[in-house]
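Q: First the structure, then my questions, so here it is.
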Amino acid sequence: MSGAGSRRTSRIRGRPTGVHSDRDEALENRKPTRGIGKDRSQAHGPIRLMDVSVRRLLVLGFGFLALLFIASLVYSYSVGSEEDEVARMARRSVTPLHAPKMMDLPQFQGEHRESLYWGTYRPHVYLGIRARTPRSLIAGLMWLGIKNGQYFLRHVCDDSDELSTYGWTDHNGRDYGRQVLVDHSISLTTSFLKDRQNGSGYGGDWAVRVDVKNRDSDEAKQDTIHLFFYMADEEGNSIGIGKDNDNFDGSTLLTFGSRKDVGRWELHLESMDDLEIHYSGFKTPHMHNLTELVQGALAFHARRTGRLLLPDAYEASSNVVVFQIIAKLQSKLDITFISGTGLKSSRVEERINQLRGMKLTSRLEEKQKDFEERYNSVFKLKDKVDSEALVVGRAAIGNLLGGIGYFYGQSKISIPKGFSLKNGDKFISYWPAALYTAVPSRSFFPRGFLWDEGFHQLLVWRWDISICMDIIGHWLDLINIDGWIPREQILGAEALSKVPEEFVAQHPTNGNPPTLFLALHDLANGLKERKFSTKEATEVFAFLDRAYIRLGTWFQWFNTTQSGKALNTFYWHGRDNTTTKELNPKTLSSGFDDYPRASHPSDDERHLDLRCWMLLAANCMHSIAEFLGANGGLEKEYEIMAKGLQDFEILNQMHLDDVSGAYFDFGNHTEKVRLRWRDVGVDYHVKRELVREVLEKPQLTLVPHIGYVGLFPFMMGIIPPASSILGKQMDHISNRSTLWTDHGLRSLSRTSSLYMKRNTEHDPPYWRGPIWINMNYMILSALHHYSQEDGPYKIRVKAIYDELRSNLMRNIVRNYYETGFLWEQYDQTNKGKGKGAHPFTGWTSLVLLIMAEVYPSL
């Protein structure tokens, strides 16, 4: 297995920015040459004339030219060799790991694969449907909203739309979902149902019900709504138009087409209400600008006719067809997709009837009841929380599952700083790959994030173990030959359209917390404790067996590229040690962005959180190896490393401040750093900007900032229950001057010199005070663990646990009812108000596990 041999004495490291190569260093350190047998001062004398022959001049000339030629060859070779090495490293970074793929496992084929083929896998739009295939038939909903007397087209989830609320109140991750969207005076309820019957094409059929109402008592303000439903074929296949769209009489064929995967297909519309229908057909390869296509068609036709209507025009061989449906408030319409209509046994009419009208109503009600029963069965909240919290918990799991997306494309991988490929490119493309994943936020982060996903799967595996393994399997198939996984996945044009260009390229020297081990550790323990059915246990075993090589290579990547100078020490690579603009250089790869680290980044750093993530990873790898009965020698090394990282005395020697009883990072640090306004010359003019000013020489020391990072040894259960240091941890957690608030624990202590400080002029505090739910969940998990361990702090820990859990639940539930959303973070000062991205039903959905008192095993 690549990179997974015995522990290496010398660790591999990428060359830090600003450090020269060995060749450059040798040149710089070379001593100046001196004249032989003479004092250097004698070299400067009067100019002397020499008698020189023509032959000698020719010899000297040819010799000089020869030297120039040789020098140019040497230079070209050295530069060329350096460029070739960069190109080789770049190619290696985009080479897949040579190991059996996770998604080739039999359990992900056949029935499983087909059952998940269609879904609401376009989380970045308010309602979007696609198949799990690289170039899919896609569908979606738009509508015209009114704000300040002006029309705005709603399609892509956007905070500027100012919807009062939107999100899935129910979603089972497979074949059913119900979503409520409130846009000022309009309420839309969208329901999704998937069905497979005899005669259907691959993946089956699906239906969407759109129920629109006017929420405003003054109905004169708006009595109609303009809905736009579209079908688009990413493969470019032509889509046809039904004949009866001009005269809607309750039921009509909207559009039809044919594909290799689902065969011939049709899209039907049924409604008991009066509808007016218009359409436009477009031929385009660009699916990320459908909003602009519709806006352009509406504007062009409005200029000609004075009405905001699609022109009933169809380009030849259109692969996108948009239908404008004008309905009164209130109205209800059913849109039904039927696959495999070209088959003799297709039973089209019978299948349509199963997915519209009263039959659809009945089936949606049945699915909603099933969802509620499963929700109650899995999380068992009945006697733990009140009815309001029950509703929020349902929205948490519904939004998380409804936010699962399918993406396909190629990540952009950055070339080392200061270099480029021969064609001038600063990046190289990863191999084409698919990713099936949950997303943190449909509006702001509608794509896969590696460290978020580990937290997501703590919920998903408890709801549907097969979906969980499918998602983790997709992530593990993204491992390259060195064991690296790009931390942010921006795959395909639609995903790229939501990300500024400067944040697209990923750096193969930078990691991200390996939180997938949280869920994987649970799966391994679940097998040991016989928590799964026979079928589930068989599939989990096969999954872990296949994953073992990939996980080992991932583990080894961290162990070699992120290691520190001392044994079992680690630090996050990728910090900028040349910055003059940041108050404290960010550590983006840690996931904690602007959380205070050593003021002067260096390879002397020891990052406490990464040490603890590596402990989790080593423990997990040892558990999996033990269960699989692996005896290749590595399982013993995982055990030895886990014991070393869990050694309490060594941990204390490296990271404990004896006076405060707090754990800290270690590095080259000074507290005497500030941002000052300076006049800086830029392009022949002067502008004022904030520049970092260091007032004291840094020294190697503990970095004295109490916050989430310092609680990692506690979160991972390393501290013995009887240790006085556990009591000190309780002091910091429960102290209002440090971390405690009535809404959850702050990310950074109020006593920190960087508490709520901006990192640059345009970079407000992020992990320097606000309350984050993923870390509060991990802290609750540790409190729950220690409250059940015998020791002098057991009762106190239990009291803190109960109060913190209550505070978190109360604040999240209150914010949800007041604002309609779960939030990225919560304000530690302003009455716990939600802030940041919303809806954020990534790791904030962990509130459901907090309600259920379900935590990962330590």
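Every chain in the structure tokens takes a letter, A first, then B, and so on in the order presented; its residues are numbered from 1, and the ligands are numbered from 1 following the presented order.
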Just list as a compact mmCIF listing (two decimals) with all heavy atoms, in the first residue's frame whatever in stretch 716-824 of chain A DSSP marks as helix (DSSP H, G or I).
A:
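Below you can see result_8.txt, which holds the result:
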```
# COMPACT_ATOMS: atom_id res chain seq x y z
N SER A 724 -6.71 16.67 38.41
CA SER A 724 -7.10 18.04 38.76
C SER A 724 -7.21 18.93 37.52
O SER A 724 -7.89 19.96 37.54
CB SER A 724 -6.08 18.64 39.74
OG SER A 724 -4.79 18.71 39.13
N ILE A 725 -6.53 18.51 36.45
CA ILE A 725 -6.59 19.29 35.21
C ILE A 725 -8.01 19.25 34.63
O ILE A 725 -8.46 20.22 34.01
CB ILE A 725 -5.56 18.75 34.18
CG1 ILE A 725 -4.15 18.99 34.73
CG2 ILE A 725 -5.72 19.40 32.82
CD1 ILE A 725 -3.06 18.33 33.92
N LEU A 726 -8.74 18.16 34.86
CA LEU A 726 -10.15 18.12 34.42
C LEU A 726 -10.94 19.19 35.15
O LEU A 726 -11.79 19.87 34.55
CB LEU A 726 -10.75 16.73 34.68
CG LEU A 726 -12.20 16.55 34.26
CD1 LEU A 726 -12.39 16.79 32.77
CD2 LEU A 726 -12.70 15.14 34.63
N GLY A 727 -10.66 19.38 36.44
CA GLY A 727 -11.32 20.45 37.18
C GLY A 727 -10.99 21.82 36.61
O GLY A 727 -11.86 22.70 36.52
N LYS A 728 -9.73 22.03 36.19
CA LYS A 728 -9.34 23.30 35.56
C LYS A 728 -10.09 23.52 34.25
O LYS A 728 -10.49 24.65 33.94
CB LYS A 728 -7.84 23.30 35.29
CG LYS A 728 -6.96 23.31 36.53
CD LYS A 728 -6.90 24.71 37.15
CE LYS A 728 -5.87 24.78 38.25
NZ LYS A 728 -5.78 26.13 38.85
N GLN A 729 -10.28 22.44 33.48
CA GLN A 729 -11.04 22.56 32.24
C GLN A 729 -12.47 23.00 32.52
O GLN A 729 -13.04 23.85 31.81
CB GLN A 729 -11.06 21.22 31.49
CG GLN A 729 -9.69 20.69 31.11
CD GLN A 729 -9.01 21.49 30.03
OE1 GLN A 729 -9.46 21.50 28.88
NE2 GLN A 729 -7.94 22.18 30.37
N MET A 730 -13.05 22.47 33.59
CA MET A 730 -14.41 22.88 33.97
C MET A 730 -14.44 24.35 34.38
O MET A 730 -15.42 25.06 34.11
CB MET A 730 -14.93 22.01 35.12
CG MET A 730 -15.12 20.53 34.79
SD MET A 730 -16.20 20.25 33.37
CE MET A 730 -15.00 19.99 32.09
N ASP A 731 -13.37 24.81 35.01
CA ASP A 731 -13.29 26.23 35.40
C ASP A 731 -13.35 27.12 34.16
O ASP A 731 -14.07 28.12 34.13
CB ASP A 731 -11.99 26.51 36.17
CG ASP A 731 -11.97 25.85 37.54
OD1 ASP A 731 -13.05 25.49 38.04
OD2 ASP A 731 -10.85 25.70 38.10
N HIS A 732 -12.58 26.78 33.15
CA HIS A 732 -12.55 27.60 31.93
C HIS A 732 -13.88 27.54 31.19
O HIS A 732 -14.36 28.56 30.70
CB HIS A 732 -11.42 27.13 31.00
CG HIS A 732 -10.05 27.33 31.57
ND1 HIS A 732 -9.62 28.55 32.03
CD2 HIS A 732 -9.02 26.47 31.75
CE1 HIS A 732 -8.37 28.43 32.47
NE2 HIS A 732 -7.99 27.18 32.32
N ILE A 733 -14.47 26.35 31.12
CA ILE A 733 -15.73 26.19 30.39
C ILE A 733 -16.85 26.97 31.07
O ILE A 733 -17.67 27.61 30.40
CB ILE A 733 -16.08 24.69 30.27
CG1 ILE A 733 -15.16 24.01 29.26
CG2 ILE A 733 -17.55 24.50 29.88
CD1 ILE A 733 -15.31 22.50 29.20
N SER A 734 -16.92 26.92 32.38
CA SER A 734 -18.05 27.50 33.10
C SER A 734 -17.87 28.96 33.48
O SER A 734 -18.78 29.58 34.03
CB SER A 734 -18.33 26.68 34.37
OG SER A 734 -17.19 26.71 35.23
N ILE A 773 -21.68 25.36 16.52
CA ILE A 773 -22.39 24.20 17.06
C ILE A 773 -21.57 22.92 16.97
O ILE A 773 -21.69 22.05 17.84
CB ILE A 773 -23.76 24.04 16.35
CG1 ILE A 773 -24.57 25.33 16.50
CG2 ILE A 773 -24.54 22.86 16.92
CD1 ILE A 773 -24.71 25.83 17.93
N ASN A 774 -20.72 22.76 15.95
CA ASN A 774 -19.95 21.52 15.87
C ASN A 774 -19.02 21.34 17.07
O ASN A 774 -18.92 20.24 17.64
CB ASN A 774 -19.16 21.45 14.56
CG ASN A 774 -18.16 22.58 14.39
OD1 ASN A 774 -18.33 23.66 14.93
ND2 ASN A 774 -17.10 22.33 13.64
N MET A 775 -18.36 22.43 17.49
CA MET A 775 -17.46 22.32 18.64
C MET A 775 -18.22 22.22 19.96
O MET A 775 -17.80 21.53 20.88
CB MET A 775 -16.50 23.52 18.66
CG MET A 775 -15.43 23.48 17.59
SD MET A 775 -14.29 22.06 17.77
CE MET A 775 -14.89 20.96 16.49
N ASN A 776 -19.35 22.92 20.05
CA ASN A 776 -20.18 22.77 21.25
C ASN A 776 -20.69 21.33 21.37
O ASN A 776 -20.79 20.79 22.47
CB ASN A 776 -21.34 23.76 21.22
CG ASN A 776 -20.99 25.10 21.82
OD1 ASN A 776 -21.15 25.32 23.02
ND2 ASN A 776 -20.48 26.01 20.99
N TYR A 777 -20.99 20.73 20.22
CA TYR A 777 -21.43 19.32 20.23
C TYR A 777 -20.30 18.41 20.72
O TYR A 777 -20.54 17.51 21.55
CB TYR A 777 -21.86 18.91 18.82
CG TYR A 777 -22.16 17.44 18.68
CD1 TYR A 777 -23.33 16.89 19.20
CD2 TYR A 777 -21.27 16.58 18.02
CE1 TYR A 777 -23.60 15.53 19.08
CE2 TYR A 777 -21.53 15.23 17.89
CZ TYR A 777 -22.70 14.71 18.42
OH TYR A 777 -22.96 13.37 18.30
N MET A 778 -19.07 18.64 20.26
CA MET A 778 -17.94 17.83 20.70
C MET A 778 -17.67 18.02 22.19
O MET A 778 -17.33 17.07 22.90
CB MET A 778 -16.70 18.18 19.89
CG MET A 778 -16.78 17.81 18.42
SD MET A 778 -16.87 16.03 18.14
CE MET A 778 -15.21 15.53 18.62
N ILE A 779 -17.83 19.25 22.67
CA ILE A 779 -17.63 19.52 24.10
C ILE A 779 -18.72 18.84 24.91
O ILE A 779 -18.45 18.23 25.97
CB ILE A 779 -17.60 21.05 24.35
CG1 ILE A 779 -16.34 21.65 23.72
CG2 ILE A 779 -17.65 21.36 25.84
CD1 ILE A 779 -16.39 23.16 23.53
N LEU A 780 -19.95 18.90 24.44
CA LEU A 780 -21.05 18.18 25.11
C LEU A 780 -20.77 16.68 25.15
O LEU A 780 -21.05 16.01 26.15
CB LEU A 780 -22.38 18.44 24.40
CG LEU A 780 -23.16 19.69 24.78
CD1 LEU A 780 -24.41 19.80 23.92
CD2 LEU A 780 -23.55 19.67 26.26
N SER A 781 -20.23 16.16 24.06
CA SER A 781 -19.91 14.74 23.99
C SER A 781 -18.92 14.36 25.09
O SER A 781 -19.09 13.33 25.78
CB SER A 781 -19.32 14.41 22.61
OG SER A 781 -18.93 13.06 22.54
N ALA A 782 -17.90 15.21 25.29
CA ALA A 782 -16.91 14.94 26.34
C ALA A 782 -17.53 15.09 27.73
O ALA A 782 -17.25 14.28 28.63
CB ALA A 782 -15.72 15.89 26.18
N LEU A 783 -18.35 16.12 27.90
CA LEU A 783 -19.03 16.29 29.19
C LEU A 783 -19.90 15.08 29.51
O LEU A 783 -19.92 14.59 30.67
CB LEU A 783 -19.89 17.56 29.17
CG LEU A 783 -19.12 18.90 29.19
CD1 LEU A 783 -20.07 20.04 28.84
CD2 LEU A 783 -18.48 19.14 30.55
N HIS A 784 -20.61 14.59 28.52
CA HIS A 784 -21.46 13.41 28.70
C HIS A 784 -20.60 12.21 29.10
O HIS A 784 -20.98 11.42 30.00
CB HIS A 784 -22.22 13.14 27.40
CG HIS A 784 -23.23 12.04 27.51
ND1 HIS A 784 -22.96 10.73 27.12
CD2 HIS A 784 -24.51 12.04 27.98
CE1 HIS A 784 -24.03 9.99 27.33
NE2 HIS A 784 -24.97 10.74 27.85
N HIS A 785 -19.45 12.07 28.45
CA HIS A 785 -18.53 10.96 28.76
C HIS A 785 -18.04 11.05 30.21
O HIS A 785 -18.12 10.07 30.97
CB HIS A 785 -17.36 11.00 27.78
CG HIS A 785 -16.17 10.20 28.20
ND1 HIS A 785 -16.14 8.82 28.12
CD2 HIS A 785 -14.96 10.58 28.72
CE1 HIS A 785 -14.97 8.38 28.57
NE2 HIS A 785 -14.24 9.43 28.93
N TYR A 786 -17.53 12.20 30.62
CA TYR A 786 -16.96 12.35 31.96
C TYR A 786 -18.04 12.32 33.04
O TYR A 786 -17.75 11.98 34.19
CB TYR A 786 -16.14 13.63 32.06
CG TYR A 786 -14.79 13.54 31.39
CD1 TYR A 786 -14.51 14.24 30.22
CD2 TYR A 786 -13.78 12.74 31.93
CE1 TYR A 786 -13.26 14.17 29.61
CE2 TYR A 786 -12.52 12.65 31.33
CZ TYR A 786 -12.28 13.36 30.16
OH TYR A 786 -11.04 13.27 29.56
N LYS A 794 -17.40 14.30 38.76
CA LYS A 794 -18.53 13.69 38.06
C LYS A 794 -19.81 14.51 38.19
O LYS A 794 -20.49 14.80 37.20
CB LYS A 794 -18.76 12.28 38.59
CG LYS A 794 -19.88 11.52 37.92
CD LYS A 794 -19.95 10.08 38.46
CE LYS A 794 -21.06 9.31 37.76
NZ LYS A 794 -21.13 7.90 38.23
N ILE A 795 -20.14 14.92 39.40
CA ILE A 795 -21.39 15.67 39.63
C ILE A 795 -21.33 17.04 38.98
O ILE A 795 -22.28 17.51 38.34
CB ILE A 795 -21.68 15.78 41.14
CG1 ILE A 795 -21.93 14.38 41.72
CG2 ILE A 795 -22.87 16.69 41.40
CD1 ILE A 795 -22.08 14.35 43.23
N ARG A 796 -20.18 17.71 39.14
CA ARG A 796 -20.03 19.05 38.55
C ARG A 796 -20.11 18.99 37.02
O ARG A 796 -20.75 19.84 36.38
CB ARG A 796 -18.69 19.66 38.97
CG ARG A 796 -18.53 21.10 38.51
CD ARG A 796 -17.15 21.64 38.82
NE ARG A 796 -17.00 23.01 38.35
CZ ARG A 796 -15.85 23.64 38.19
NH1 ARG A 796 -14.73 23.02 38.49
NH2 ARG A 796 -15.82 24.88 37.75
N VAL A 797 -19.47 18.00 36.44
CA VAL A 797 -19.50 17.83 34.99
C VAL A 797 -20.93 17.63 34.51
O VAL A 797 -21.36 18.22 33.51
CB VAL A 797 -18.61 16.64 34.55
CG1 VAL A 797 -18.85 16.30 33.09
CG2 VAL A 797 -17.14 16.97 34.77
N LYS A 798 -21.69 16.83 35.25
CA LYS A 798 -23.08 16.56 34.85
C LYS A 798 -23.92 17.84 34.89
O LYS A 798 -24.74 18.11 33.99
CB LYS A 798 -23.70 15.52 35.78
CG LYS A 798 -25.16 15.17 35.47
CD LYS A 798 -25.30 14.48 34.12
CE LYS A 798 -26.66 13.81 33.96
NZ LYS A 798 -27.79 14.73 33.95
N ALA A 799 -23.70 18.67 35.89
CA ALA A 799 -24.46 19.93 36.01
C ALA A 799 -24.12 20.86 34.84
O ALA A 799 -25.01 21.50 34.25
CB ALA A 799 -24.15 20.60 37.34
N ILE A 800 -22.83 20.95 34.50
CA ILE A 800 -22.42 21.81 33.36
C ILE A 800 -23.00 21.26 32.07
O ILE A 800 -23.48 22.02 31.21
CB ILE A 800 -20.88 21.89 33.29
CG1 ILE A 800 -20.34 22.65 34.50
CG2 ILE A 800 -20.43 22.57 32.00
CD1 ILE A 800 -18.82 22.64 34.62
N TYR A 801 -22.96 19.93 31.92
CA TYR A 801 -23.52 19.30 30.72
C TYR A 801 -24.99 19.65 30.55
O TYR A 801 -25.43 20.08 29.47
CB TYR A 801 -23.35 17.77 30.81
CG TYR A 801 -24.18 17.02 29.79
CD1 TYR A 801 -23.74 16.90 28.47
CD2 TYR A 801 -25.41 16.45 30.13
CE1 TYR A 801 -24.49 16.21 27.52
CE2 TYR A 801 -26.16 15.77 29.20
CZ TYR A 801 -25.71 15.66 27.90
OH TYR A 801 -26.47 15.00 26.97
N ASP A 802 -25.77 19.49 31.60
CA ASP A 802 -27.22 19.75 31.52
C ASP A 802 -27.51 21.20 31.15
O ASP A 802 -28.37 21.48 30.31
CB ASP A 802 -27.89 19.41 32.86
CG ASP A 802 -27.97 17.91 33.11
OD1 ASP A 802 -27.89 17.15 32.14
OD2 ASP A 802 -28.10 17.52 34.29
N GLU A 803 -26.76 22.13 31.77
CA GLU A 803 -27.03 23.54 31.51
C GLU A 803 -26.60 23.95 30.10
O GLU A 803 -27.31 24.68 29.41
CB GLU A 803 -26.34 24.42 32.55
CG GLU A 803 -26.77 25.87 32.47
CD GLU A 803 -26.22 26.73 33.59
OE1 GLU A 803 -25.50 26.20 34.47
OE2 GLU A 803 -26.49 27.96 33.59
N LEU A 804 -25.43 23.47 29.68
CA LEU A 804 -24.96 23.82 28.33
C LEU A 804 -25.89 23.24 27.27
O LEU A 804 -26.24 23.92 26.30
CB LEU A 804 -23.53 23.29 28.13
CG LEU A 804 -22.92 23.53 26.73
CD1 LEU A 804 -22.88 25.02 26.40
CD2 LEU A 804 -21.53 22.91 26.65
N ARG A 805 -26.29 22.00 27.43
CA ARG A 805 -27.21 21.37 26.48
C ARG A 805 -28.51 22.15 26.39
O ARG A 805 -29.02 22.45 25.30
CB ARG A 805 -27.49 19.92 26.88
CG ARG A 805 -28.53 19.21 26.03
CD ARG A 805 -28.65 17.73 26.42
NE ARG A 805 -29.74 17.10 25.71
CZ ARG A 805 -30.98 16.96 26.19
NH1 ARG A 805 -31.27 17.42 27.42
NH2 ARG A 805 -31.92 16.39 25.47
N SER A 806 -29.06 22.53 27.52
CA SER A 806 -30.30 23.29 27.56
C SER A 806 -30.14 24.65 26.88
O SER A 806 -31.00 25.07 26.09
CB SER A 806 -30.75 23.47 29.02
OG SER A 806 -31.89 24.28 29.09
N ASN A 807 -29.03 25.33 27.16
CA ASN A 807 -28.79 26.65 26.56
C ASN A 807 -28.71 26.57 25.04
O ASN A 807 -29.28 27.40 24.32
CB ASN A 807 -27.48 27.25 27.10
CG ASN A 807 -27.61 27.71 28.55
OD1 ASN A 807 -28.71 27.81 29.09
ND2 ASN A 807 -26.48 27.97 29.18
N LEU A 808 -27.97 25.59 24.55
CA LEU A 808 -27.81 25.44 23.10
C LEU A 808 -29.14 25.16 22.42
O LEU A 808 -29.49 25.79 21.41
CB LEU A 808 -26.81 24.32 22.79
CG LEU A 808 -25.33 24.63 23.06
CD1 LEU A 808 -24.51 23.34 23.14
CD2 LEU A 808 -24.78 25.54 21.96
N MET A 809 -29.88 24.20 22.95
CA MET A 809 -31.16 23.84 22.33
C MET A 809 -32.12 25.02 22.35
O MET A 809 -32.75 25.34 21.33
CB MET A 809 -31.78 22.64 23.07
CG MET A 809 -31.07 21.34 22.83
SD MET A 809 -31.99 19.90 23.45
CE MET A 809 -32.20 20.31 25.17
N ARG A 810 -32.23 25.68 23.48
CA ARG A 810 -33.16 26.79 23.61
C ARG A 810 -32.83 27.91 22.61
O ARG A 810 -33.72 28.45 21.94
CB ARG A 810 -33.13 27.34 25.04
CG ARG A 810 -34.11 28.49 25.28
CD ARG A 810 -34.12 28.95 26.72
NE ARG A 810 -32.82 29.46 27.13
CZ ARG A 810 -32.00 28.82 27.98
NH1 ARG A 810 -32.35 27.66 28.48
NH2 ARG A 810 -30.83 29.33 28.31
N ASN A 811 -31.55 28.22 22.47
CA ASN A 811 -31.17 29.32 21.59
C ASN A 811 -31.39 28.99 20.12
O ASN A 811 -31.89 29.81 19.35
CB ASN A 811 -29.69 29.67 21.82
CG ASN A 811 -29.30 30.94 21.11
OD1 ASN A 811 -29.88 32.01 21.34
ND2 ASN A 811 -28.34 30.85 20.21
N ILE A 812 -31.05 27.77 19.72
CA ILE A 812 -31.22 27.38 18.32
C ILE A 812 -32.69 27.31 17.96
O ILE A 812 -33.11 27.77 16.89
CB ILE A 812 -30.51 26.03 18.05
CG1 ILE A 812 -29.00 26.22 18.19
CG2 ILE A 812 -30.85 25.50 16.66
CD1 ILE A 812 -28.21 24.91 18.19
N VAL A 813 -33.49 26.74 18.86
CA VAL A 813 -34.94 26.65 18.61
C VAL A 813 -35.56 28.03 18.53
O VAL A 813 -36.36 28.33 17.63
CB VAL A 813 -35.61 25.78 19.70
CG1 VAL A 813 -37.14 25.89 19.59
CG2 VAL A 813 -35.17 24.33 19.57
N ARG A 814 -35.20 28.91 19.47
CA ARG A 814 -35.75 30.27 19.46
C ARG A 814 -35.39 31.00 18.17
O ARG A 814 -36.25 31.64 17.53
CB ARG A 814 -35.22 31.04 20.67
CG ARG A 814 -35.69 32.51 20.73
CD ARG A 814 -35.13 33.21 21.95
NE ARG A 814 -33.68 33.23 21.97
CZ ARG A 814 -32.92 34.08 21.25
NH1 ARG A 814 -33.51 34.96 20.45
NH2 ARG A 814 -31.62 34.02 21.34
N ASN A 815 -34.14 30.90 17.74
CA ASN A 815 -33.72 31.56 16.50
C ASN A 815 -34.46 31.01 15.30
O ASN A 815 -34.81 31.75 14.38
CB ASN A 815 -32.21 31.38 16.29
CG ASN A 815 -31.41 32.52 16.88
OD1 ASN A 815 -31.25 33.57 16.27
ND2 ASN A 815 -30.90 32.31 18.09
N TYR A 816 -34.70 29.70 15.29
CA TYR A 816 -35.41 29.09 14.16
C TYR A 816 -36.83 29.66 14.05
O TYR A 816 -37.29 30.00 12.96
CB TYR A 816 -35.46 27.57 14.31
CG TYR A 816 -36.13 26.88 13.14
CD1 TYR A 816 -35.43 26.60 11.97
CD2 TYR A 816 -37.48 26.51 13.19
CE1 TYR A 816 -36.03 25.98 10.89
CE2 TYR A 816 -38.09 25.89 12.12
CZ TYR A 816 -37.37 25.63 10.97
OH TYR A 816 -37.99 25.02 9.90
N TYR A 817 -37.51 29.77 15.18
CA TYR A 817 -38.88 30.29 15.14
C TYR A 817 -38.92 31.78 14.84
O TYR A 817 -39.86 32.28 14.21
CB TYR A 817 -39.60 29.98 16.46
CG TYR A 817 -40.18 28.59 16.48
CD1 TYR A 817 -39.44 27.51 16.98
CD2 TYR A 817 -41.44 28.33 15.96
CE1 TYR A 817 -39.95 26.23 16.98
CE2 TYR A 817 -41.96 27.04 15.96
CZ TYR A 817 -41.22 26.00 16.46
OH TYR A 817 -41.74 24.73 16.44
N GLU A 818 -37.90 32.51 15.27
CA GLU A 818 -37.87 33.96 15.02
C GLU A 818 -37.43 34.30 13.60
O GLU A 818 -37.89 35.29 13.02
CB GLU A 818 -36.94 34.65 16.02
CG GLU A 818 -37.49 34.69 17.44
CD GLU A 818 -36.52 35.37 18.41
OE1 GLU A 818 -35.42 35.76 17.98
OE2 GLU A 818 -36.87 35.49 19.60
N THR A 819 -36.53 33.50 13.03
CA THR A 819 -35.95 33.85 11.73
C THR A 819 -36.29 32.88 10.61
O THR A 819 -36.14 33.21 9.43
CB THR A 819 -34.41 33.92 11.82
OG1 THR A 819 -33.89 32.59 12.06
CG2 THR A 819 -33.97 34.83 12.95
```
Q: Using only C-alpha atoms, which protein or nucleic acid residues come within 8 Å of stretch 509-520 of chain A? Drop anything in the same chain fewer than 2 positions from it, and give the result as a PyMOL selection string.
A: chain A and resi 14+450-455+457-458+461+472+484-487+507+522-524+558+561-562+572-574+589-591+610+613+616-617+620+856
Q: Env of stretch 336-349 of chain A: 7 Å cut, atoms = only C-alpha atoms, seq-sep filter 2 positions within chain, self excluded. Answer as a list in words.
A: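 What passes the distance filter is Gly199, Ser200, Gly201, Gly204, Asp205, Trp206, Ala207, Val208, Val262, Gly263, Arg264, Trp265, Glu266, Leu267, His268, Leu269, Asp334, Arg351, Ile352, Asn353 and Leu355 of chain A.
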Q: Show which residues sit within 9 Å of stretch 415-427 of chain A, as a list in words. Count only C-alpha atoms, and ignore same-chain residues fewer than 5 positions away.
A: Thr17, Glu83, Val86, Ala87, Met89, Ala90, Ala505, Gln506, His507 and Pro508 of chain A
Q: Measuring atom to atom with only C-alpha atoms, identify which of A:Ala542, A:Leu583, A:Leu459, A:Ala566 is nearest to A:Val854.
A: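 Of the candidates, the smallest distance to A:Val854 is held by A:Leu459.
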Q: Would you mind telling me which residue in A:Val321, A:Leu141, A:Leu310, A:Ala852 lies nearest to A:Thr190 when using only C-alpha atoms?
A: A:Leu141
Q: A:Val540: which residues within 10 Å, counting only C-alpha atoms, same-chain residues fewer than 2 positions away excluded, as a PyMOL selection string?
A: chain A and resi 107+465-466+469+520+523-524+526-527+532+534-538+542-546
Q: How would the residues just picked look written out with C-alpha atoms as a tab-separated table (two decimals), in the first residue's frame?
A:
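Generated file (again-v2.tsv):
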```
chain	number	residue	atom	x	y	z
A	107	GLN	CA	-23.41	-3.06	-2.40
A	465	ILE	CA	-26.41	3.66	6.84
A	466	SER	CA	-26.36	2.94	3.08
A	469	MET	CA	-21.40	4.74	3.22
A	520	LEU	CA	-15.98	5.61	10.68
A	523	LEU	CA	-19.25	2.26	12.34
A	524	ALA	CA	-16.36	0.12	13.59
A	526	GLY	CA	-21.18	-0.48	15.91
A	527	LEU	CA	-19.91	-3.72	14.40
A	532	PHE	CA	-26.52	-3.39	12.91
A	534	THR	CA	-27.14	-8.90	9.59
A	535	LYS	CA	-27.37	-7.29	6.14
A	536	GLU	CA	-26.09	-3.94	7.39
A	537	ALA	CA	-23.22	-5.57	9.30
A	538	THR	CA	-22.15	-7.49	6.18
A	542	ALA	CA	-17.16	-5.03	3.29
A	543	PHE	CA	-17.04	-1.23	3.24
A	544	LEU	CA	-14.38	-0.96	5.96
A	545	ASP	CA	-12.39	-3.78	4.39
A	546	ARG	CA	-12.30	-1.96	1.03
```
Q: Applying 9 Å and only C-alpha atoms, which residues near A:Phe300 remain after dropping the ones on its own chain fewer than 4 positions away? List them as a list in words.
A: Gln295, Gly296, Arg304, Thr305, Leu310 and Pro311 of chain A
Q: Can you list, as a count of residues only, every protein, DNA or RNA residue that comes within 12 Å of A:Leu702 when you count only C-alpha atoms, leaving out same-chain residues fewer than 3 positions away?
A: 32
Q: Can you pull out every residue from stretch 221-455 of chain A that DSSP, working from the backbone, puts in strand (DSSP E or B), and format the result as a count of residues only?
A: 78
